[in-house]
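Undergrad: Could you have a look at this structure, given as structure tokens, before my questions?
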Amino acid sequence: MSTIALKVNGKDVSAEVEDRTLLVELLREELKLTGTHIGCDTSQCGACVVHVDGVAMKSCTMFAIQADGAEIRTIEGVAQQGALHPMQAAFAEHHGLQCGFCTPGMIMTAIDMVRRLGSDLDEATIRHELEGNICRCTGYQNIVKAIQAGARAMASQ
């Protein structure tokens, strides 16, 4: 067992973990942040995407011990003072979700996409960037529209 210290959604956290504990397991099972989903166990679906030191990462591909000293932001940590993050609001407004299982990972990926590429995102770019995120319910059309709207809203903040 190893003791790690990290900052999760702005709060200092320490935990004792086995070396084989995945970051997604620490978040869900120990910290009870269940918005980060486990969808495939093979790092194919993107339901587990969180931000590690500001960069989107699949938390099922990272051991918790590797996050020692890192700043982690989960879907629970993107809203500010009770107001939805612009990307969350855009997903709701533009019907970018159905069952909602993939939505946290999609939103975390989309926020990172805007951070890296800016707010003027065309459909082809968004679809390419979402290749690591699987939605089993939608045809992605409304997800693309939501990301474009969320990107514009983020730019105006």
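Identifiers in the structure tokens: chain A, B, ... in order shown; residue index from 1 per chain; ligand index from 1 in order shown.
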From a DSSP pass on the backbone, collect the residues of chain A flagged as alpha helix (DSSP H) and hand them back as a ChimeraX atom specification.

TA: /A:23-25,86-93,103-117,123-129,141-155

Undergrad: Against region 13-29 of chain A, which residues of region 37-122 of chain A fall within 6 Å? For each one I want the closest pair of atoms and the distance in Å (one decimal), counting only C-alpha atoms, rows by chain and increasing residue number, as JSON lines.

TA:
{"residue": "A:Ser59", "atom": "CA", "partner": "A:Val24", "partner_atom": "CA", "distance": 4.9}
{"residue": "A:Cys60", "atom": "CA", "partner": "A:Val24", "partner_atom": "CA", "distance": 5.4}
{"residue": "A:Met62", "atom": "CA", "partner": "A:Leu23", "partner_atom": "CA", "distance": 5.7}
{"residue": "A:Phe63", "atom": "CA", "partner": "A:Leu22", "partner_atom": "CA", "distance": 4.2}
{"residue": "A:Ala64", "atom": "CA", "partner": "A:Leu23", "partner_atom": "CA", "distance": 4.1}

Undergrad: Would you list the contacts of region 103-107 of chain A as a PyMOL selection string, taking every protein, DNA or RNA residue within 8 Å and counting only C-alpha atoms, but skipping same-chain residues closer than 4 positions in sequence?

TA: chain A and resi 35-37+46-50+75+87-88+91+96-97+111+130+133

Undergrad: Select from region 32-124 of chain A everything DSSP, run on the backbone, classes as strand (DSSP E or B), then give the selection as a list in words.

TA: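 Those residues are Val49, Val50, His51, Val52, Val55, Ala56, Met57, Lys58, Phe63, Glu71, Ile72, Arg73, Gln80 and Ala83 of chain A.
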
Undergrad: List the neighbours of Thr125 (chain A) out to 12 Å using only C-alpha atoms; skip same-chain residues closer than 3 positions along the sequence, and give me the result as a list in words.

TA: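 What passes the distance filter is Ala110, Met113, Val114, Arg116, Leu117, Gly118, Ser119, Asp120, Leu121, Asp122, His128, Glu129, Leu130, Glu131, Val144, Ile147 and Gln148 of chain A.
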
Undergrad: When you look at Arg73 (chain A) with a cut-off of 9 Å (counting only C-alpha atoms), what residues show up, excluding the ones that are within fewer than 5 positions of it in the same chain? I need them as number ranges by chain.

TA: A: 7-10, 50-54, 78, 108

Undergrad: Nearest residue to Gln98 (chain A) out of A:Ile143, A:Ala70, A:Ala151, A:Ala56, using only C-alpha atoms?

TA: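 Comparing A:Ile143, A:Ala70, A:Ala151, A:Ala56 against Gln98 (chain A), the winner is A:Ile143.
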
Undergrad: To one decimal in Å, tell me the separation between CA of Ile4 (chain A) and CA of Gly39 (chain A).

TA: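 We find that CA of Ile4 (chain A) and CA of Gly39 (chain A) lie 25.4 Å from each other.
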
Undergrad: Report, in Å with one decimal, the straight-line distance from CA of Thr34 (chain A) to CA of Arg152 (chain A).

TA: 28.3 Å
